[in-house]
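See structure below.
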Amino acid sequence: MRARLVGMVAALSALAGVVIACGGSKRSQLIASSGQNVAPVAVSNGPTGNYVNGLFASVTVCVPSTSNCQTIPDVLVDTGSTGLRILGTALTISLSPQNASNGNPMAECLPFISGFTWGPVESADVKIAGETATAVPVQVIDESKFPVPTACKNLGVTSLDTLQTLGANGVLGIGLFAQDCGGGCVQTGSSNPGLYYACPAAGCQVTAVPLAQQVQNPVAMFASDNNGIVLQLPAVTAPESGLNGSLVFGIGTQSNNALGGATVYTVDQFGNFTTTYKGTAYSNSFVDSGSNGYFFLSSGATGIPDCSMDTSFYCPASTQKLSATNQGANGGSGSVSFSVANAQSLFANTGASTFNNLGGPGSGGFDWGLPFFFGRNVFVGIEGKTSPGGTGPYWAY
Amino acid sequence: MKGGKCCRFLCLQRRRLVVLSVMALGFTSPVFAALGGDAASVQADQRHFQATLRSVRSNSFQVQELRSPTGVVVREYVSPQGRVFGVAWEGPWMPDMRQLLGSYFEQYQQALQSSSTSQMGRKPLRIDLPGLAVHLAGHPRSYTGQAYLPDTMPTGTTAEDVR
């Protein structure tokens with residue numbers, strides 16, 4: 001399959017550099033086994049026992065500048081978001097609450113597609129593998145401290161504020177950006193998207209928050225190996241009960257995180273690149289370890305039927321072998337072969353957590369979820385950070 | 001996409017539809033409504049989102065396009081009978097769905113609360129009821145979505161048109 005992929009790219013591309021880059025991926029995949037910058041990660045059914053294609057890691061948080069620490073297992077590894085979020089019910093230590101500029105406690109409503117997380121912004125030292133980031137603003141997911149604001153509920157997605165709804169003890173957002181919100185939340189008035197709140201006793205109100213006080217990508221705050229990550233998961237050919245891999249910090253900072261022959265795909269201001277499928281380019285496309293399948297287009301556009309029991313997955317009569325081409329804003333380009341099997345048949349594999357050909361309809365573009373990572377080393381370059389792939393934000397694989 | 005970042009959304013529109021100003025269409029005033037609403041009755045969405053407005057027309061429907069100061073673009077699809085049969089949005093943040101879905105918000109919320117699958121996992125959100133479809137996708141800093149009323153779509157219009 002790899003050989004065919006390389007052949008297609010070679011035929012399509014006149015750029016020797018691209019051919020050489022893809023030739024590099026012909027080498028067998030290297031997965032770091034241990035190291036100061038290597039955290040073990042695993043696909044499993046998660047703490048609720050029914051997660052599908054969920055990638056989890058352990059994260060240690062400490063009260064800032066103390067040795068009062070707690071290791072939180074089963075935190076979802078999410079390259080599609082930014083920031084560490086931990087369920088309040090999973091915490092046995094008290095982190096350091098942060099205040100908004102008006103002196104009142106600060107809280108956040110962060111919308112994901114599957115739901116929102118609500119709770120106070122607190123400061124923690126964050127340790128993963130041998131890496132440490134000090135005084136990191138994180139979100140404690142907890143509806144008991146402050147009531148969920150109406151505007152948060154009006155986003156129209158459900159709360160993910162319990163173990164049963166989140167399916168994890170937290171979310172480790174280690175995506176493209178340094179902060180979860182960025183410049184918009186620094187603004188006052190109608191330009192502010194309203195993620196951050198100041199919460200006096202009278203009730204929470206939207207507030208402007210400087211970049212440094214927003215919930216941060218903890219990797220960008222590591223003392224070293226802070227310019228990005230490499231996620232390394234082995235190939236999967238059939239439903240598996242689980243899968244072990246490595247999350248390596250830094251790009252080109254140590255011998256185990258060299259960019260090698262990977263092609264760099266820079267992204268637009270929204271964190272997207274373009275995927276071309278059957279001649280049509282979709283600009284709202286992205287790579288996301290936190291999505292649990294390949295999600296793209298609709299059954300009307302693909303001809304692949306939705307499952308009757310759950311229209312969020314595809315249920316083709318036979319496994320569909322498909323291909324698409326990704327292109328970065330920098331012109332980096334490469335073809336991707338992928339398969340979509342009948343989700344209902346896949347889920348009949350009791351005890352399996354890991355599926356390489358799970359897919360479903362999306363909206364507006366391609367969501368290259370966790371199956372995309374199987375058998376690939378995927379680099380995420382963080383915005384504003386320099387690495388051998390250039391200045392982030394970018395993906396490389 | 002590569003040609004002009006500044007007109008990322010509008011470029012898509014221009015390929016498919018003729019862009020006309022509100023005045024050129026002969027409207028006396030900008031009009032919007034939430035899903036299912038009467039197009040001539042409300043300007044509530046524009047006020048709510050503090051948005052600028054463009055109107056776009058195709059053969060079988062009109063599109064009211066709002067652009068909010070936060071960068072969210074909302075397109076409301078109005079049938080020849082003056083009924084909003086679909087809304088679509090994209091941008092760095094989620095819109096206020098209660099405002100966009102109007103009287104359908106509660107039905108959507110109930111469907112959301114009662115939709116339970118045996119598999120946990122993060123994926124695009126899809127609610128497909130007999131008379132209402134709501135689809136969300138994306139990630140923080142880039143959200144897309146569409147909602148439409150299958151029973152009130154103008155003849156020849158498909159879900160793929162509401163985008």
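By order of appearance in the structure tokens: chains A, B, ..., then residues from 1 within every chain, and ligands from 1 in the order shown.
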Kindly assemble as a tab-separated table a list of the chain B residues that lie within 7 Å of chain A, each paired with its nearest atom pair and their distance in Å to one decimal, using only C-alpha atoms, sorted first by chain and then by ascending residue number.
residue	atom	partner	partner_atom	distance
B:Met1	CA	A:Ser283	CA	6.8
B:Lys2	CA	A:Ala329	CA	6.8
B:Pro69	CA	A:Ser191	CA	4.8
B:Thr70	CA	A:Ser191	CA	4.6
B:Pro92	CA	A:Phe270	CA	6.4
B:Trp93	CA	A:Pro193	CA	6.6
B:Met94	CA	A:Leu155	CA	6.4
B:Pro95	CA	A:Leu155	CA	6.3
B:Asp96	CA	A:Leu155	CA	4.9
B:Met97	CA	A:Leu155	CA	5.2
B:Arg98	CA	A:Asn154	CA	5.3
B:Gln109	CA	A:Gly156	CA	6.9
B:Gln119	CA	A:Asn50	CA	5.5
B:Met120	CA	A:Tyr51	CA	4.2
B:Gly121	CA	A:Tyr51	CA	5.5
B:Arg122	CA	A:Ser291	CA	5.0
B:Lys123	CA	A:Ser291	CA	5.3
B:Pro124	CA	A:Gly362	CA	5.9
B:Leu125	CA	A:Ser114	CA	6.2
B:Arg126	CA	A:Ser312	CA	5.8
B:His135	CA	A:Ser363	CA	6.9
B:Leu136	CA	A:Ile113	CA	6.4
B:Ala137	CA	A:Ser363	CA	5.5
B:Gly138	CA	A:Ile113	CA	6.7
B:His139	CA	A:Gly80	CA	6.1
B:Pro140	CA	A:Ser81	CA	6.0
B:Arg141	CA	A:Phe270	CA	5.3
B:Ser142	CA	A:Phe270	CA	5.4
B:Thr144	CA	A:Ser363	CA	6.6
B:Gly145	CA	A:Ser363	CA	6.5
Legend entry - Using only C-alpha atoms: which of A:Pro47, A:Gly252, A:Gly389, A:Gly242 has the shortest distance to Leu163 (chain A): A:Pro47
Legend entry - Expected answer as a ChimeraX atom specification: strand (DSSP E or B) residues in region 62-132 of chain B: /B:62-67,73-78,83-91,120,125-129,132
Inset, instruction - Looking only at alpha helix (DSSP H) from DSSP on the backbone, list the matching residues of region 21-189 of chain A as an MDAnalysis selection string. - result: chainID A and resid 21:24 150:153 163:166
Inset, instruction - Identify, on the basis of only C-alpha atoms, every residue whose closest approach to region 234-241 of chain A does not exceed 9 Å; exclude the query and any residue fewer than 5 positions from it along the same chain; express the result as a PyMOL selection string. - result: chain A and resi 29-31+43-45+346+349-357+371+373-377
Mind writing the picked residues with C-alpha atoms as a compact mmCIF listing (two decimals), in the first residue's frame?
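Wrote part19.txt, looks like this:
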# COMPACT_ATOMS: atom_id res chain seq x y z
CA GLN A 29 7.79 2.99 11.28
CA LEU A 30 9.93 3.91 14.27
CA ILE A 31 8.17 4.04 17.61
CA VAL A 43 -6.09 3.05 22.73
CA SER A 44 -8.60 1.41 25.04
CA ASN A 45 -12.27 1.37 26.04
CA LEU A 346 -17.33 -3.55 13.57
CA ASN A 349 -16.64 -7.35 17.92
CA THR A 350 -17.24 -7.43 21.65
CA GLY A 351 -14.36 -6.11 23.70
CA ALA A 352 -12.68 -4.38 20.77
CA SER A 353 -11.68 -0.73 21.23
CA THR A 354 -9.52 -0.14 18.18
CA PHE A 355 -10.85 0.06 14.63
CA ASN A 356 -8.79 1.09 11.63
CA ASN A 357 -11.70 1.55 9.22
CA PRO A 371 -7.53 5.73 12.50
CA PHE A 373 -2.74 7.91 13.08
CA PHE A 374 -2.51 4.09 12.93
CA GLY A 375 0.74 3.16 11.19
CA ARG A 376 1.87 6.80 10.89
CA ASN A 377 4.09 9.06 12.92
Legend entry - Spatial neighbours of Phe61 (chain B), 7 Å, only C-alpha atoms, chain gap at least 5 places, as a list of chain:residue names: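 With the cut-off at 7 Å, the set is B:Tyr77, B:Val78, B:Ser79, B:Pro80.
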Inset, instruction - Give me the residues within 10 Å of Asn37 (chain A) as a VMD selection string, counting only C-alpha atoms and dropping any in the same chain fewer than 6 places off. - result: chain A and resid 128 to 131 224 to 225 229 246 to 250 253 to 254 256 to 257
Inset, instruction - For Ile86 (chain A), work out the shell of residues within 9 Å, counting only C-alpha atoms and skipping chain neighbours fewer than 5 positions away, then give it as a PyMOL selection string. - result: chain A and resi 72+75+91+138-142+168-172
Restricted to C-alpha atoms, what would the selected residues look like written as an mmCIF file, in the first residue's frame?
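Result file is result-v4.cif:
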data_model
loop_
_atom_site.group_PDB
_atom_site.id
_atom_site.type_symbol
_atom_site.label_atom_id
_atom_site.label_comp_id
_atom_site.auth_asym_id
_atom_site.auth_seq_id
_atom_site.Cartn_x
_atom_site.Cartn_y
_atom_site.Cartn_z
ATOM 1 C CA ILE A 72 -4.554 11.364 36.550
ATOM 2 C CA VAL A 75 -6.899 11.460 29.995
ATOM 3 C CA LEU A 91 -9.006 15.508 41.387
ATOM 4 C CA VAL A 138 -5.898 24.520 32.999
ATOM 5 C CA GLN A 139 -9.641 23.996 33.162
ATOM 6 C CA VAL A 140 -11.198 22.057 36.012
ATOM 7 C CA ILE A 141 -14.410 20.587 34.617
ATOM 8 C CA ASP A 142 -16.904 21.171 37.391
ATOM 9 C CA ALA A 168 -12.360 10.205 30.198
ATOM 10 C CA ASN A 169 -10.874 11.778 33.322
ATOM 11 C CA GLY A 170 -9.881 14.777 31.263
ATOM 12 C CA VAL A 171 -8.707 16.025 27.890
ATOM 13 C CA LEU A 172 -5.066 16.653 27.053
#
Inset, instruction - With a distance cut-off of 6 Å and only C-alpha atoms, select the neighbouring residues of Cys199 (chain A), excluding the residue or stretch itself and same-chain residues fewer than 4 positions from it, and output the selection as number ranges by chain. - result: A: 104-105, 203-204
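As for CA of Ser115 (chain B) and CA of Ala57 (chain A), they are spaced 28.2 Å apart.
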Inset, instruction - Determine the nearest neighbour of Glu160 (chain B) from the options B:Gln146, B:Gln113, B:Ser55, B:Gln50, counting only C-alpha atoms. - result: B:Gln146
